[in-house]
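Source file: upload15.txt; contents: compact mmCIF, N, CA and C atoms.
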# COMPACT_ATOMS: atom_id res chain seq x y z
N MET W 1 63.81 -44.00 192.68
CA MET W 1 62.96 -44.57 191.66
C MET W 1 61.59 -44.86 192.26
N ALA W 2 60.56 -44.49 191.52
CA ALA W 2 59.19 -44.60 192.04
C ALA W 2 58.81 -46.03 192.39
N TYR W 3 59.26 -47.00 191.63
CA TYR W 3 58.85 -48.38 191.92
C TYR W 3 59.50 -48.94 193.17
N LEU W 4 60.51 -48.26 193.70
CA LEU W 4 61.13 -48.68 194.95
C LEU W 4 60.54 -47.95 196.15
N ASN W 5 59.62 -47.04 195.92
CA ASN W 5 59.00 -46.28 197.00
C ASN W 5 57.86 -47.11 197.59
N ALA W 6 58.08 -47.65 198.77
CA ALA W 6 57.08 -48.55 199.38
C ALA W 6 55.76 -47.83 199.64
N GLY W 7 55.81 -46.58 200.06
CA GLY W 7 54.58 -45.83 200.32
C GLY W 7 53.76 -45.62 199.07
N ALA W 8 54.42 -45.29 197.98
CA ALA W 8 53.70 -45.09 196.72
C ALA W 8 53.13 -46.41 196.22
N GLY W 9 53.85 -47.50 196.43
CA GLY W 9 53.35 -48.81 196.03
C GLY W 9 52.09 -49.18 196.78
N ARG W 10 52.05 -48.91 198.09
CA ARG W 10 50.86 -49.21 198.88
C ARG W 10 49.68 -48.34 198.45
N ALA W 11 49.95 -47.12 198.04
CA ALA W 11 48.88 -46.22 197.60
C ALA W 11 48.20 -46.74 196.34
N ARG W 12 48.95 -47.45 195.50
CA ARG W 12 48.38 -47.99 194.26
C ARG W 12 47.85 -49.41 194.42
N GLU W 13 48.16 -50.04 195.51
CA GLU W 13 47.81 -51.44 195.71
C GLU W 13 46.30 -51.65 195.63
N GLY W 14 45.90 -52.63 194.89
CA GLY W 14 44.49 -52.97 194.77
C GLY W 14 43.71 -52.14 193.78
N ARG W 15 44.34 -51.16 193.13
CA ARG W 15 43.62 -50.33 192.16
C ARG W 15 43.65 -51.01 190.81
N GLN W 16 42.54 -50.97 190.14
CA GLN W 16 42.44 -51.58 188.83
C GLN W 16 42.10 -50.52 187.79
N THR W 17 42.48 -50.81 186.58
CA THR W 17 42.11 -49.95 185.46
C THR W 17 40.65 -50.19 185.13
N ALA W 18 39.93 -49.15 184.78
CA ALA W 18 38.54 -49.30 184.36
C ALA W 18 38.48 -50.20 183.13
N ALA W 19 37.38 -50.93 183.03
CA ALA W 19 37.23 -51.85 181.90
C ALA W 19 37.19 -51.11 180.58
N VAL W 20 37.89 -51.65 179.61
CA VAL W 20 37.87 -51.13 178.24
C VAL W 20 37.47 -52.30 177.36
N ALA W 21 36.42 -52.12 176.57
CA ALA W 21 35.91 -53.21 175.73
C ALA W 21 36.94 -53.64 174.70
N ASN W 22 36.87 -54.89 174.30
CA ASN W 22 37.77 -55.41 173.26
C ASN W 22 37.56 -54.67 171.95
N ALA W 23 38.60 -54.61 171.16
CA ALA W 23 38.49 -54.01 169.83
C ALA W 23 37.60 -54.89 168.96
N ALA W 24 36.84 -54.25 168.09
CA ALA W 24 35.96 -54.98 167.18
C ALA W 24 36.77 -55.73 166.14
N ALA W 25 36.16 -56.69 165.52
CA ALA W 25 36.83 -57.45 164.46
C ALA W 25 37.18 -56.52 163.30
N ALA W 26 38.26 -56.82 162.65
CA ALA W 26 38.69 -56.01 161.50
C ALA W 26 37.68 -56.12 160.38
N THR W 27 37.48 -55.02 159.67
CA THR W 27 36.54 -55.03 158.55
C THR W 27 37.26 -55.03 157.22
N ALA W 28 38.55 -54.72 157.22
CA ALA W 28 39.32 -54.69 155.98
C ALA W 28 39.60 -56.11 155.50
N SER W 29 39.73 -56.27 154.22
CA SER W 29 40.06 -57.57 153.64
C SER W 29 41.27 -57.40 152.72
N PRO W 30 41.93 -58.47 152.37
CA PRO W 30 43.09 -58.35 151.49
C PRO W 30 42.72 -57.70 150.16
N ALA W 31 43.64 -56.96 149.60
CA ALA W 31 43.41 -56.29 148.32
C ALA W 31 43.17 -57.33 147.23
N ALA W 32 42.25 -57.02 146.33
CA ALA W 32 41.90 -57.95 145.26
C ALA W 32 43.01 -58.01 144.21
N GLY W 33 43.75 -56.92 144.05
CA GLY W 33 44.81 -56.89 143.05
C GLY W 33 46.09 -56.32 143.64
N ALA W 34 46.99 -55.96 142.76
CA ALA W 34 48.28 -55.42 143.20
C ALA W 34 48.12 -54.04 143.83
N THR W 35 47.16 -53.28 143.36
CA THR W 35 46.93 -51.93 143.87
C THR W 35 45.60 -51.90 144.61
N PRO W 36 45.59 -51.50 145.89
CA PRO W 36 44.33 -51.45 146.63
C PRO W 36 43.39 -50.39 146.05
N THR W 37 42.10 -50.67 146.12
CA THR W 37 41.10 -49.70 145.68
C THR W 37 40.88 -48.69 146.79
N LYS W 38 40.17 -47.62 146.49
CA LYS W 38 39.84 -46.61 147.50
C LYS W 38 39.01 -47.23 148.62
N ALA W 39 38.09 -48.10 148.28
CA ALA W 39 37.25 -48.75 149.29
C ALA W 39 38.09 -49.63 150.22
N GLU W 40 39.05 -50.37 149.66
CA GLU W 40 39.92 -51.20 150.48
C GLU W 40 40.79 -50.34 151.40
N TYR W 41 41.30 -49.25 150.86
CA TYR W 41 42.11 -48.34 151.67
C TYR W 41 41.27 -47.72 152.78
N ASP W 42 40.06 -47.28 152.44
CA ASP W 42 39.20 -46.65 153.44
C ASP W 42 38.82 -47.63 154.55
N ALA W 43 38.59 -48.91 154.21
CA ALA W 43 38.28 -49.92 155.22
C ALA W 43 39.47 -50.12 156.17
N LEU W 44 40.66 -50.17 155.62
CA LEU W 44 41.86 -50.32 156.44
C LEU W 44 42.05 -49.10 157.33
N LEU W 45 41.85 -47.92 156.78
CA LEU W 45 41.98 -46.69 157.55
C LEU W 45 40.97 -46.66 158.70
N ALA W 46 39.75 -47.10 158.45
CA ALA W 46 38.74 -47.14 159.51
C ALA W 46 39.16 -48.09 160.62
N ASP W 47 39.72 -49.25 160.26
CA ASP W 47 40.19 -50.21 161.26
C ASP W 47 41.33 -49.62 162.10
N VAL W 48 42.26 -48.96 161.44
CA VAL W 48 43.40 -48.35 162.15
C VAL W 48 42.90 -47.26 163.10
N ASN W 49 41.97 -46.44 162.65
CA ASN W 49 41.43 -45.38 163.50
C ASN W 49 40.66 -45.95 164.70
N ALA W 50 39.94 -47.05 164.49
CA ALA W 50 39.22 -47.69 165.59
C ALA W 50 40.20 -48.24 166.62
N LEU W 51 41.26 -48.88 166.16
CA LEU W 51 42.27 -49.39 167.09
C LEU W 51 42.99 -48.28 167.83
N ARG W 52 43.24 -47.18 167.13
CA ARG W 52 43.89 -46.03 167.76
C ARG W 52 43.01 -45.48 168.89
N SER W 53 41.72 -45.36 168.62
CA SER W 53 40.80 -44.88 169.65
C SER W 53 40.76 -45.83 170.84
N LYS W 54 40.76 -47.13 170.57
CA LYS W 54 40.71 -48.12 171.64
C LYS W 54 41.99 -48.05 172.49
N LEU W 55 43.13 -47.93 171.83
CA LEU W 55 44.40 -47.82 172.55
C LEU W 55 44.44 -46.56 173.40
N ASN W 56 43.99 -45.43 172.85
CA ASN W 56 43.97 -44.19 173.62
C ASN W 56 43.05 -44.30 174.83
N GLY W 57 41.92 -45.01 174.68
CA GLY W 57 41.02 -45.22 175.82
C GLY W 57 41.67 -46.06 176.90
N LEU W 58 42.39 -47.10 176.49
CA LEU W 58 43.08 -47.96 177.45
C LEU W 58 44.17 -47.18 178.18
N LEU W 59 44.95 -46.39 177.45
CA LEU W 59 46.01 -45.60 178.09
C LEU W 59 45.41 -44.58 179.07
N ALA W 60 44.31 -43.96 178.70
CA ALA W 60 43.65 -43.00 179.60
C ALA W 60 43.16 -43.69 180.87
N ALA W 61 42.59 -44.89 180.73
CA ALA W 61 42.12 -45.63 181.89
C ALA W 61 43.29 -46.02 182.80
N MET W 62 44.41 -46.40 182.21
CA MET W 62 45.59 -46.76 183.01
C MET W 62 46.14 -45.54 183.74
N ARG W 63 46.13 -44.40 183.10
CA ARG W 63 46.61 -43.17 183.77
C ARG W 63 45.67 -42.80 184.91
N ALA W 64 44.37 -42.92 184.69
CA ALA W 64 43.40 -42.55 185.72
C ALA W 64 43.49 -43.44 186.95
N SER W 65 43.87 -44.71 186.75
CA SER W 65 43.97 -45.62 187.89
C SER W 65 45.33 -45.54 188.60
N GLY W 66 46.26 -44.81 188.02
CA GLY W 66 47.58 -44.68 188.63
C GLY W 66 48.55 -45.75 188.21
N GLN W 67 48.17 -46.60 187.25
CA GLN W 67 49.07 -47.65 186.80
C GLN W 67 50.09 -47.12 185.81
N MET W 68 49.88 -45.91 185.34
CA MET W 68 50.78 -45.32 184.34
C MET W 68 50.91 -43.82 184.66
N ALA W 69 52.07 -43.30 184.47
CA ALA W 69 52.31 -41.88 184.74
C ALA W 69 51.47 -41.03 183.80
N PRO W 70 50.99 -39.90 184.29
CA PRO W 70 50.17 -39.01 183.43
C PRO W 70 50.92 -38.44 182.25
Can the structure from this file be put into structure tokens for me?
Amino acid sequence: MAYLNAGAGRAREGRQTAAVANAAAATASPAAGATPTKAEYDALLADVNALRSKLNGLLAAMRASGQMAP
């Protein structure tokens, strides 16, 4: 198991993941009625896509630093 390999552990020791900025505040708001409008849906979709991009950036940084398998 890789985590029991002392040599591999020393090779990663002291390495940090590159900084990834915090996710922006959500822009979506609760639906005004029972059925969301197109604008409400689009705002939620934009927030989800922004979080997805942020998560992918964080995972890429972790892989590049060796904290996560490629």
Subject >> Within 10 Å of Ala24 (chain W) using only C-alpha atoms, minus same-chain residues under 6 positions, as a PyMOL selection string >> reply: chain W and resi 47+50-51+54
Could those residues be written to a file, using N, CA and C atoms, as a short mmCIF file (atom, residue, chain, number, x, y, z; two decimals), in the frame of the given file?
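Output below, filename out_1.cif:
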data_model
loop_
_atom_site.label_atom_id
_atom_site.label_comp_id
_atom_site.auth_asym_id
_atom_site.auth_seq_id
_atom_site.Cartn_x
_atom_site.Cartn_y
_atom_site.Cartn_z
N ASP W 47 39.72 -49.25 160.26
CA ASP W 47 40.19 -50.21 161.26
C ASP W 47 41.33 -49.62 162.10
N ALA W 50 39.94 -47.05 164.49
CA ALA W 50 39.22 -47.69 165.59
C ALA W 50 40.20 -48.24 166.62
N LEU W 51 41.26 -48.88 166.16
CA LEU W 51 42.27 -49.39 167.09
C LEU W 51 42.99 -48.28 167.83
N LYS W 54 40.76 -47.13 170.57
CA LYS W 54 40.71 -48.12 171.64
C LYS W 54 41.99 -48.05 172.49
#
Subject >> Nearest candidate to Val20 (chain W) (options W:Pro36, W:Ala43, W:Leu58, W:Arg52; using only N, CA and C atoms) >> reply: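 Smallest separation from Val20 (chain W) among the options: W:Leu58.
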**OP:** Write out as an MDAnalysis selection string the residues lying within 10 Å of Tyr41 (chain W), counting only C-alpha atoms and excluding same-chain residues fewer than 6 positions away.
**Re:** chainID W and resid 28:29 31 35 47
Original post:
Skipping near chain neighbours, those fewer than 4 positions away, what residues fall within 10 Å of Leu44 (chain W) using only C-alpha atoms, listed as a list in words?
Top reply: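 My reading of the contact set: Ala26, Thr27, Ala28, Ser29, Pro30, Lys38, Ala39, Glu40, Val48, Asn49 and Ala50 of chain W.
Of note, atom N of Ala19 (chain W) and CA of Ala61 (chain W) are spaced 7.2 Å apart.
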**OP:** Provide the atom C of Gly57 (chain W) to atom N of Pro70 (chain W) distance in Å, to one decimal place.
**Re:**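 Separating atom C of Gly57 (chain W) from atom N of Pro70 (chain W) is a distance of 13.4 Å.
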Original post:
What does the distance between atom C of Arg63 (chain W) and atom C of Asn22 (chain W) come to in Å, to one decimal place?
Top reply: 19.4 Å
Could you write out as lines of an AutoDock Vina configuration file the box around region 35-43 of chain W (axis-aligned, all atoms listed in the file, 4 Å on each side), with centre and edge lengths in Å to one decimal?
center_x = 42.2
center_y = -49.9
center_z = 149.8
size_x = 17.9
size_y = 14.7
size_z = 20.8
Original post:
So which residues of chain W fall under helix (DSSP H, G or I) by DSSP, listed as a VMD selection string?
Top reply: chain W and resid 2 to 4 6 to 12 38 to 65
Original post:
Which is closer to Ser65 (chain W) than all the others in W:Ala18, W:Ala32, W:Ala46, W:Ala23, using only N, CA and C atoms?
Top reply: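 Ranked by minimum distance to Ser65 (chain W), first place goes to W:Ala18.
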